[in-house]
Amino acid sequence: MRILLVNKFYYPRGGDCVYTLNLESLLKKHGHEIGIFSMDYPRNLDTPWKKYFPSEVRFRLSTKLLDSMMRPFGTKEVADKYNAILDDFRPDVVHLNNIHSQLSPLVAELAHQRGIKVIWTLHDYKLICPKYDCMRNDGTTCNDCFSNLSIPEKTRKKNVLKHKCMKNSFVASYIGYKEALKWNSERLENNTDAYICPSHFMAVKMREGGFKAEKLHVHTNFIDIDKCNHDSFSKEDYYCYVGRISKEKGLKTLIGAANQLPYKLYIIGKGPMYQELTAISKGHIEFLGQLNWNELKAIEQKARFSIIASETFENNPLSVIESKCLGTPVLGARIGGIPELIDEGINGMTFESGNIQDLTSKIEIMMHHPFDYRQIAQNAKAIYSDEEYYQFLMNLYN
């Protein structure tokens, strides 16, 4: 089978990119021919498919700003280069990932017009929320653009203008609004055969946005479980956070709780709040920056638990999956798809998102709870294995 994987970046930038790269490896392992379509970008991995990649766009002041502003609506350059790879590669399936803004849903429409099956894995809420994360600028969650189907979609989407959701800018929000109208739910659904929702929460939100239940297939993400193999399940007296250092991840809440407790906390990652958070953290909280997998693994596998304190609608975070596959339980915020990944008292616990007092209490409990770390890893590897995911994909592709 020939499968064209489409994602706006082709390097391990975030969860969507890691998923795409893992998917490429998985499908190649099973003998499928794989093509790649992405935006040309300096950090992309080398690939013979890059000759088809449309040029990089940057959404900031520059001589090419107008070109960048038109890219979300579908441009001639994207259409020409995408049609060229469809002509040359002749895929049986086009599997989309994150494509908005840099590539646009034009790639779904062009493939569908040729009778090619289009599968779309959803990594965020862009199909129903112009801002993609269901968050307003003040940090509160929001369903206004999709929660009431009795209101016409055009009217619902005007909320992105009302709240200036895109970068707190009317101009950026207007572009997001027009983009949402062009690639409305009916048009998107007509050009897509199936959506993969990595969480039940995502599927519920998509149905709230008007997408048909029969096209929504719920299946958790997968990882290369072999990378999580290790022999020792002994733990040390610390816990850790792995992820982006940004507002929506609930790091201020986490620091507020951690400052009240004596336990060592390692924070792994980088992001815009790095300096602000290091300034308010006590000495037992250590920021380690970005680490490679082997460095991260060495820390996380020995942690009493990992923590995900998000205050936004997380979908199916790979950080939770990786932690469990290492045999490290997870303390997760009860928001989005996070609670679906945690069996209370078995492989972790949950707390009320944004609640410092509840989080503080749960950290104390997690530090002393008698988890079966080896069993956590064993169970997780059975659920998140690439072979199990492959069977799911083949049923969907066929």
# chains A, B, ... in the order shown; residues from 1 in each chain; ligands from 1

$ residues_around --residues "Lys158 in chain A" --least-positions-apart "5" --cutoff "9 Å" --atoms "only C-alpha atoms" --output "number ranges by chain"
A: 145, 153, 163, 174, 177

$ write_last_selection --atoms "C-alpha atoms" --output "PDB file, in the first residue's frame"
ATOM      1  CA  CYS A 145     -17.330  28.584  18.528  1.00  0.00           C
ATOM      2  CA  GLU A 153     -21.678  28.114  12.174  1.00  0.00           C
ATOM      3  CA  HIS A 163     -12.642  37.565  22.162  1.00  0.00           C
ATOM      4  CA  TYR A 174     -10.151  38.039  11.471  1.00  0.00           C
ATOM      5  CA  TYR A 177     -12.394  33.696  11.359  1.00  0.00           C
TER       6      TYR A 177
END

$ residues_around --residues "Asp343 in chain A" --least-positions-apart "3" --cutoff "12 Å" --atoms "only C-alpha atoms" --output "list in words"
Lys324, Pro329, Val330, Leu331, Gly332, Ile338, Pro339, Glu340, Ile346, Asn347, Gly348, Met349, Thr350, Phe371, Ile376, Asn379 and Ala380 of chain A

$ closest_residue --among "A:Leu291, A:Ile128, A:Ile356, A:Ile175" --to "Arg207 in chain A" --atoms "only C-alpha atoms"
A:Ile128

$ select_by_dssp --residues "range 118-365 of chain A" --states "alpha helix (DSSP H)" --output "PyMOL selection string"
chain A and resi 153-157+159-162+170-182+185-190+200-208+251-258+274-280+293-300+318-325+356-365

$ atom_distance --atom1 "CA of Val160 in chain A" --atom2 "CA of Gly210 in chain A"
17.7 Å

$ atom_distance --atom1 "CA of Phe59 in chain A" --atom2 "CA of Val171 in chain A"
12.0 Å

$ closest_residue --among "A:Pro262, A:Gly345, A:Gly327, A:Pro272" --to "Ser234 in chain A" --atoms "only C-alpha atoms"
A:Gly327

$ closest_residue --among "A:Asp67, A:Glu236, A:Glu314, A:Glu364" --to "Thr328 in chain A" --atoms "only C-alpha atoms"
A:Glu236

$ closest_residue --among "A:Ile223, A:Cys17, A:Cys129, A:Ile365" --to "Ser319 in chain A" --atoms "only C-alpha atoms"
A:Ile223

$ residues_around --residues "range 285-287 of chain A" --least-positions-apart "4" --cutoff "8 Å" --atoms "only C-alpha atoms" --output "PyMOL selection string"
chain A and resi 258-259+264-269+278+281

$ residues_around --residues "Lys182 in chain A" --least-positions-apart "6" --cutoff "12 Å" --atoms "only C-alpha atoms" --output "PDB file with N, CA, C and O atoms, in the first residue's frame"
ATOM      1  N   PRO A  72      -3.165  29.918   4.810  1.00  0.00           N
ATOM      2  CA  PRO A  72      -4.218  29.126   5.449  1.00  0.00           C
ATOM      3  C   PRO A  72      -5.426  28.831   4.560  1.00  0.00           C
ATOM      4  O   PRO A  72      -6.175  27.879   4.813  1.00  0.00           O
ATOM      5  N   PHE A  73      -5.611  29.636   3.509  1.00  0.00           N
ATOM      6  CA  PHE A  73      -6.784  29.466   2.651  1.00  0.00           C
ATOM      7  C   PHE A  73      -6.521  28.525   1.471  1.00  0.00           C
ATOM      8  O   PHE A  73      -7.445  28.130   0.772  1.00  0.00           O
ATOM      9  N   GLY A  74      -5.247  28.161   1.286  1.00  0.00           N
ATOM     10  CA  GLY A  74      -4.885  27.282   0.179  1.00  0.00           C
ATOM     11  C   GLY A  74      -4.342  28.091  -0.987  1.00  0.00           C
ATOM     12  O   GLY A  74      -5.071  28.866  -1.610  1.00  0.00           O
ATOM     13  N   SER A 104      -2.818  23.930   4.906  1.00  0.00           N
ATOM     14  CA  SER A 104      -4.253  24.149   4.746  1.00  0.00           C
ATOM     15  C   SER A 104      -4.973  22.868   4.351  1.00  0.00           C
ATOM     16  O   SER A 104      -4.386  21.961   3.740  1.00  0.00           O
ATOM     17  N   PRO A 105      -6.294  22.797   4.664  1.00  0.00           N
ATOM     18  CA  PRO A 105      -7.097  21.621   4.303  1.00  0.00           C
ATOM     19  C   PRO A 105      -7.279  21.432   2.799  1.00  0.00           C
ATOM     20  O   PRO A 105      -7.950  20.486   2.376  1.00  0.00           O
ATOM     21  N   LEU A 106      -6.702  22.310   1.997  1.00  0.00           N
ATOM     22  CA  LEU A 106      -6.679  22.099   0.557  1.00  0.00           C
ATOM     23  C   LEU A 106      -6.141  20.715   0.220  1.00  0.00           C
ATOM     24  O   LEU A 106      -6.569  20.080  -0.754  1.00  0.00           O
ATOM     25  N   LEU A 127     -10.233  22.079  14.008  1.00  0.00           N
ATOM     26  CA  LEU A 127     -11.381  21.889  13.130  1.00  0.00           C
ATOM     27  C   LEU A 127     -12.665  22.483  13.707  1.00  0.00           C
ATOM     28  O   LEU A 127     -13.627  22.728  12.978  1.00  0.00           O
ATOM     29  N   PRO A 130     -11.116  28.070  15.990  1.00  0.00           N
ATOM     30  CA  PRO A 130     -10.132  28.766  15.145  1.00  0.00           C
ATOM     31  C   PRO A 130      -8.761  28.917  15.790  1.00  0.00           C
ATOM     32  O   PRO A 130      -7.748  28.947  15.095  1.00  0.00           O
ATOM     33  N   GLU A 153     -23.126  28.182  11.956  1.00  0.00           N
ATOM     34  CA  GLU A 153     -21.678  28.114  12.174  1.00  0.00           C
ATOM     35  C   GLU A 153     -21.011  29.465  11.963  1.00  0.00           C
ATOM     36  O   GLU A 153     -20.102  29.849  12.704  1.00  0.00           O
ATOM     37  N   LYS A 154     -21.446  30.201  10.956  1.00  0.00           N
ATOM     38  CA  LYS A 154     -20.854  31.514  10.683  1.00  0.00           C
ATOM     39  C   LYS A 154     -20.997  32.437  11.884  1.00  0.00           C
ATOM     40  O   LYS A 154     -20.072  33.184  12.229  1.00  0.00           O
ATOM     41  N   LYS A 157     -18.706  31.196  14.866  1.00  0.00           N
ATOM     42  CA  LYS A 157     -17.281  31.464  14.666  1.00  0.00           C
ATOM     43  C   LYS A 157     -16.924  32.929  14.885  1.00  0.00           C
ATOM     44  O   LYS A 157     -15.752  33.280  15.047  1.00  0.00           O
ATOM     45  N   ILE A 175      -8.376  36.837  10.321  1.00  0.00           N
ATOM     46  CA  ILE A 175      -7.855  35.813   9.413  1.00  0.00           C
ATOM     47  C   ILE A 175      -8.311  34.426   9.873  1.00  0.00           C
ATOM     48  O   ILE A 175      -8.738  33.591   9.067  1.00  0.00           O
ATOM     49  N   GLY A 176      -8.229  34.189  11.195  1.00  0.00           N
ATOM     50  CA  GLY A 176      -8.695  32.918  11.738  1.00  0.00           C
ATOM     51  C   GLY A 176     -10.175  32.700  11.488  1.00  0.00           C
ATOM     52  O   GLY A 176     -10.614  31.584  11.197  1.00  0.00           O
ATOM     53  N   LEU A 188     -15.010  20.276   5.399  1.00  0.00           N
ATOM     54  CA  LEU A 188     -13.982  19.376   5.919  1.00  0.00           C
ATOM     55  C   LEU A 188     -14.472  17.938   5.939  1.00  0.00           C
ATOM     56  O   LEU A 188     -13.758  17.013   5.519  1.00  0.00           O
TER      57      LEU A 188
END
